[in-house]
$ cat data.txt   # compact mmCIF, C-alpha atoms
# COMPACT_ATOMS: atom_id res chain seq x y z
CA MET A 1 157.12 71.23 91.69
CA PRO A 2 157.60 67.49 92.16
CA ALA A 3 159.63 65.45 89.72
CA THR A 4 157.83 64.49 86.57
CA LYS A 5 157.54 61.13 84.88
CA LYS A 6 157.35 60.12 81.27
CA SER A 7 153.69 59.52 80.47
CA THR A 8 152.14 56.98 78.14
CA TYR A 9 148.69 58.01 77.01
CA PRO A 10 145.91 57.55 77.59
CA TYR A 11 145.86 56.76 81.27
CA THR A 12 143.39 57.24 84.10
CA MET A 13 144.26 58.51 87.56
CA LYS A 14 142.39 59.51 90.69
CA VAL A 15 142.35 63.22 91.46
CA LYS A 16 140.55 63.99 94.73
CA GLY A 17 138.63 60.73 94.32
CA ARG A 18 137.55 61.50 90.75
CA ALA A 19 138.62 59.27 87.85
CA ILE A 20 140.35 61.54 85.33
CA THR A 21 141.67 60.31 81.99
CA LEU A 22 144.64 62.14 80.49
CA ARG A 23 145.48 61.83 76.81
CA LEU A 24 147.00 63.77 73.96
CA MET A 25 144.64 65.94 71.95
CA THR A 26 143.96 64.81 68.39
CA ALA A 27 142.37 66.57 65.43
CA ASN A 28 139.24 64.51 66.17
CA ASP A 29 138.75 66.56 69.36
CA ARG A 30 137.65 69.65 67.46
CA ASP A 31 133.98 69.63 68.52
CA GLU A 32 134.78 68.72 72.12
CA VAL A 33 137.41 71.48 72.40
CA LEU A 34 135.03 74.00 70.89
CA ALA A 35 132.22 73.04 73.31
CA PHE A 36 134.65 73.16 76.25
CA ALA A 37 135.90 76.63 75.29
CA GLN A 38 132.41 78.00 74.70
CA ALA A 39 131.35 76.82 78.18
CA LEU A 40 134.25 78.56 79.97
CA PRO A 41 133.69 81.91 81.70
CA ALA A 42 134.58 84.84 79.44
CA ASP A 43 137.32 85.96 81.86
CA ASP A 44 139.15 82.64 81.34
CA LEU A 45 139.42 83.30 77.61
CA LEU A 46 140.03 87.03 77.65
CA PHE A 47 143.79 87.02 77.25
CA LEU A 48 144.46 83.85 75.27
CA PRO A 49 146.46 84.60 72.12
CA ILE A 50 143.69 83.06 69.99
CA ASP A 51 139.92 83.00 70.48
CA ILE A 52 139.18 79.29 70.83
CA THR A 53 135.42 79.88 70.97
CA HIS A 54 135.34 80.37 67.18
CA PRO A 55 135.13 77.26 64.97
CA LYS A 56 137.58 78.57 62.33
CA VAL A 57 140.19 79.31 65.00
CA VAL A 58 139.80 75.83 66.50
CA ASP A 59 140.05 74.36 62.99
CA GLY A 60 143.39 76.13 62.59
CA TRP A 61 144.56 74.84 65.96
CA MET A 62 143.56 71.29 65.02
CA ARG A 63 145.71 71.54 61.87
CA THR A 64 148.79 72.07 64.11
CA VAL A 65 148.14 68.90 66.13
CA GLY A 66 150.95 66.48 65.46
CA SER A 67 153.25 69.17 64.05
CA GLY A 68 155.64 68.92 66.98
CA ARG A 69 155.29 72.61 67.76
CA THR A 70 152.20 72.33 69.95
CA THR A 71 151.33 69.58 72.43
CA THR A 72 148.00 69.59 74.27
CA ILE A 73 147.10 67.16 77.03
CA VAL A 74 143.36 66.91 77.64
CA ALA A 75 141.74 65.80 80.88
CA GLU A 76 138.41 64.01 80.67
CA GLU A 77 135.91 62.83 83.24
CA ASN A 78 133.17 60.46 82.12
CA GLY A 79 134.04 61.25 78.50
CA SER A 80 133.74 65.03 78.89
CA LEU A 81 136.65 67.42 78.54
CA ILE A 82 137.28 69.22 81.86
CA GLY A 83 140.74 70.65 81.33
CA MET A 84 143.70 71.03 79.04
CA GLY A 85 147.35 71.90 79.28
CA THR A 86 149.09 73.19 76.18
CA LEU A 87 152.79 73.61 75.48
CA VAL A 88 153.72 75.73 72.47
CA ARG A 89 157.36 75.55 71.43
CA SER A 90 158.85 78.84 70.28
CA GLU A 91 159.59 78.93 66.55
CA THR A 92 162.06 81.79 66.94
CA THR A 93 165.66 80.60 66.59
CA TRP A 94 166.93 82.64 69.54
CA ALA A 95 164.08 81.37 71.75
CA ARG A 96 164.09 77.71 70.67
CA HIS A 97 164.79 76.66 74.28
CA LEU A 98 161.46 78.16 75.43
CA GLY A 99 157.91 76.86 75.54
CA ASN A 100 154.71 78.70 76.41
CA MET A 101 152.29 76.98 78.77
CA ARG A 102 148.55 77.51 78.85
CA LEU A 103 146.24 75.82 81.33
CA LEU A 104 142.45 75.82 81.17
CA VAL A 105 140.28 74.02 83.71
CA SER A 106 136.50 73.86 83.74
CA PRO A 107 134.93 75.68 86.72
CA ASN A 108 133.40 72.40 87.98
CA ALA A 109 136.88 70.82 88.12
CA ARG A 110 138.72 73.62 89.92
CA GLY A 111 140.18 73.29 93.38
CA MET A 112 140.99 69.60 93.02
CA GLY A 113 144.56 69.96 91.77
CA LEU A 114 143.86 69.26 88.10
CA GLY A 115 145.84 72.33 87.03
CA SER A 116 148.90 70.94 88.84
CA VAL A 117 148.41 67.54 87.23
CA LEU A 118 148.24 69.12 83.77
CA ALA A 119 151.25 71.33 84.53
CA ASN A 120 153.28 68.24 85.49
CA GLU A 121 152.35 66.64 82.18
CA VAL A 122 153.44 69.78 80.32
CA PHE A 123 156.73 69.81 82.27
CA THR A 124 157.37 66.22 81.17
CA HIS A 125 156.78 67.15 77.54
CA ALA A 126 159.03 70.20 77.85
CA GLN A 127 161.86 67.99 79.08
CA THR A 128 161.25 65.44 76.32
CA MET A 129 161.41 68.25 73.74
CA GLY A 130 164.69 69.51 75.21
CA LEU A 131 163.22 72.81 76.37
CA GLN A 132 164.89 74.65 79.23
CA LYS A 133 162.29 77.15 80.35
CA ILE A 134 158.51 77.39 80.32
CA ILE A 135 156.83 80.76 80.08
CA ALA A 136 153.32 81.66 81.27
CA GLN A 137 151.72 84.99 80.47
CA MET A 138 148.65 86.54 82.03
CA ALA A 139 147.05 89.90 82.69
CA ALA A 140 148.28 91.42 85.95
CA ASP A 141 144.72 91.56 87.27
CA GLU A 142 144.29 87.78 86.89
CA GLN A 143 145.25 87.17 90.52
CA GLY A 144 143.84 83.64 90.61
CA ALA A 145 145.90 82.52 87.61
CA ARG A 146 149.00 84.17 89.02
CA ALA A 147 148.53 82.39 92.36
CA VAL A 148 148.19 79.03 90.59
CA PHE A 149 151.42 79.52 88.65
CA GLU A 150 153.28 80.78 91.74
CA LYS A 151 152.17 77.65 93.59
CA LEU A 152 153.61 75.61 90.71
CA GLY A 153 156.96 77.33 91.21
CA PHE A 154 156.80 79.97 88.49
CA ARG A 155 158.38 83.35 89.23
CA VAL A 156 157.55 86.75 87.78
CA GLU A 157 160.19 87.89 85.30
CA ALA A 158 158.54 90.92 83.72
CA LEU A 159 155.63 93.32 83.93
CA LEU A 160 154.69 94.95 80.63
CA THR A 161 152.40 97.94 81.11
CA ASP A 162 149.33 98.39 78.90
CA TYR A 163 150.48 95.41 76.83
CA VAL A 164 147.20 93.57 76.22
CA MET A 165 143.81 94.87 75.19
CA ASP A 166 140.49 93.30 76.13
CA ARG A 167 137.45 93.06 73.87
CA ASN A 168 136.19 96.40 75.18
CA GLY A 169 139.36 98.21 74.12
CA ARG A 170 140.78 98.60 77.65
CA THR A 171 144.47 97.94 78.11
CA HIS A 172 145.90 95.77 80.89
CA ASP A 173 149.37 95.07 82.20
CA LEU A 174 150.86 91.69 81.27
CA ILE A 175 152.89 89.54 83.66
CA VAL A 176 155.47 87.15 82.22
CA MET A 177 156.31 84.26 84.55
CA SER A 178 158.83 81.47 84.00
CA TYR A 179 159.84 78.07 85.31
CA ASP A 180 163.23 76.40 84.74
CA VAL A 181 162.54 72.80 83.72
CA THR A 182 166.22 71.85 83.53
CA GLY A 183 166.24 71.45 87.32
CA LEU A 184 163.53 68.77 87.28
CA THR A 185 164.63 65.18 87.80
CA GLU A 186 163.09 62.00 86.48
$ encode --input "data.txt" --output "structure tokens"
Amino acid sequence: MPATKKSTYPYTMKVKGRAITLRLMTANDRDEVLAFAQALPADDLLFLPIDITHPKVVDGWMRTVGSGRTTTIVAEENGSLIGMGTLVRSETTWARHLGNMRLLVSPNARGMGLGSVLANEVFTHAQTMGLQKIIAQMAADEQGARAVFEKLGFRVEALLTDYVMDRNGRTHDLIVMSYDVTGLTE
């Protein structure tokens, strides 16, 4: 992963010739986040820890904005949300050096490197927060997601068998991947 930079938001950059604006999510983004989540393929949402297609769940998420525990960078094109990268700082004392990363990119914005852009932004925030390691979790059968995180430099640390259950009651193995952000340079 290339070195990160400290970002000032909002800012617009070109990604594969497309003008993408990056900014921090605010509580005012509730409706846009809900519409974005509801438009994603079901497989993209299957193993998120919360179901962000439900208004009450998104309302709860919006209440955490600005708390310092969760940071979400949104990517917009022509005023529409096309991706987001979230960093959730662990609240557990013994894991206070860890953050969990989640990336979601709209199908019409995939393949252009937006996931890498959002990951770099999350890495910058992890460093600013003093975190040492970022964790990503996904079902073992999510080969596309695993490939994206491997390309970003994440490495598999654990495989937990039958750890997650889908909406149909079937269990799946969970992969835990990590990335050491202490090695990144400004």
$ closest_residue --input "data.txt" --among "A:Leu159, A:Met62, A:Val117, A:Ala136" --to "Phe47 in chain A" --atoms "only C-alpha atoms"
A:Ala136
$ closest_residue --input "data.txt" --among "A:Phe123, A:Met165, A:Ala139, A:Arg170" --to "Thr182 in chain A" --atoms "all atoms listed in the file"
A:Phe123
$ residues_around --input "data.txt" --residues "range 69-75 of chain A" --least-positions-apart "5" --cutoff "9 Å" --atoms "all atoms listed in the file" --output "list in words"
Ile20, Thr21, Leu22, Arg23, Leu24, Met25, Thr26, Trp61, Thr64, Ser80, Leu81, Ile82, Gly83, Met84, Gly85, Thr86, Leu87, Val88, Arg89, Ser90, Glu91, Val105, Leu114, Leu118, Glu121, Val122 and His125 of chain A
$ closest_residue --input "data.txt" --among "A:Leu104, A:Asp51, A:Gly60, A:Glu76" --to "Tyr11 in chain A" --atoms "all atoms listed in the file"
A:Glu76
$ closest_residue --input "data.txt" --among "A:Thr93, A:Ser67, A:Asn78, A:Asn100" --to "Ile135 in chain A" --atoms "only C-alpha atoms"
A:Asn100
$ atom_distance --input "data.txt" --atom1 "CA of Val57 in chain A" --atom2 "CA of Asp44 in chain A"
16.7 Å
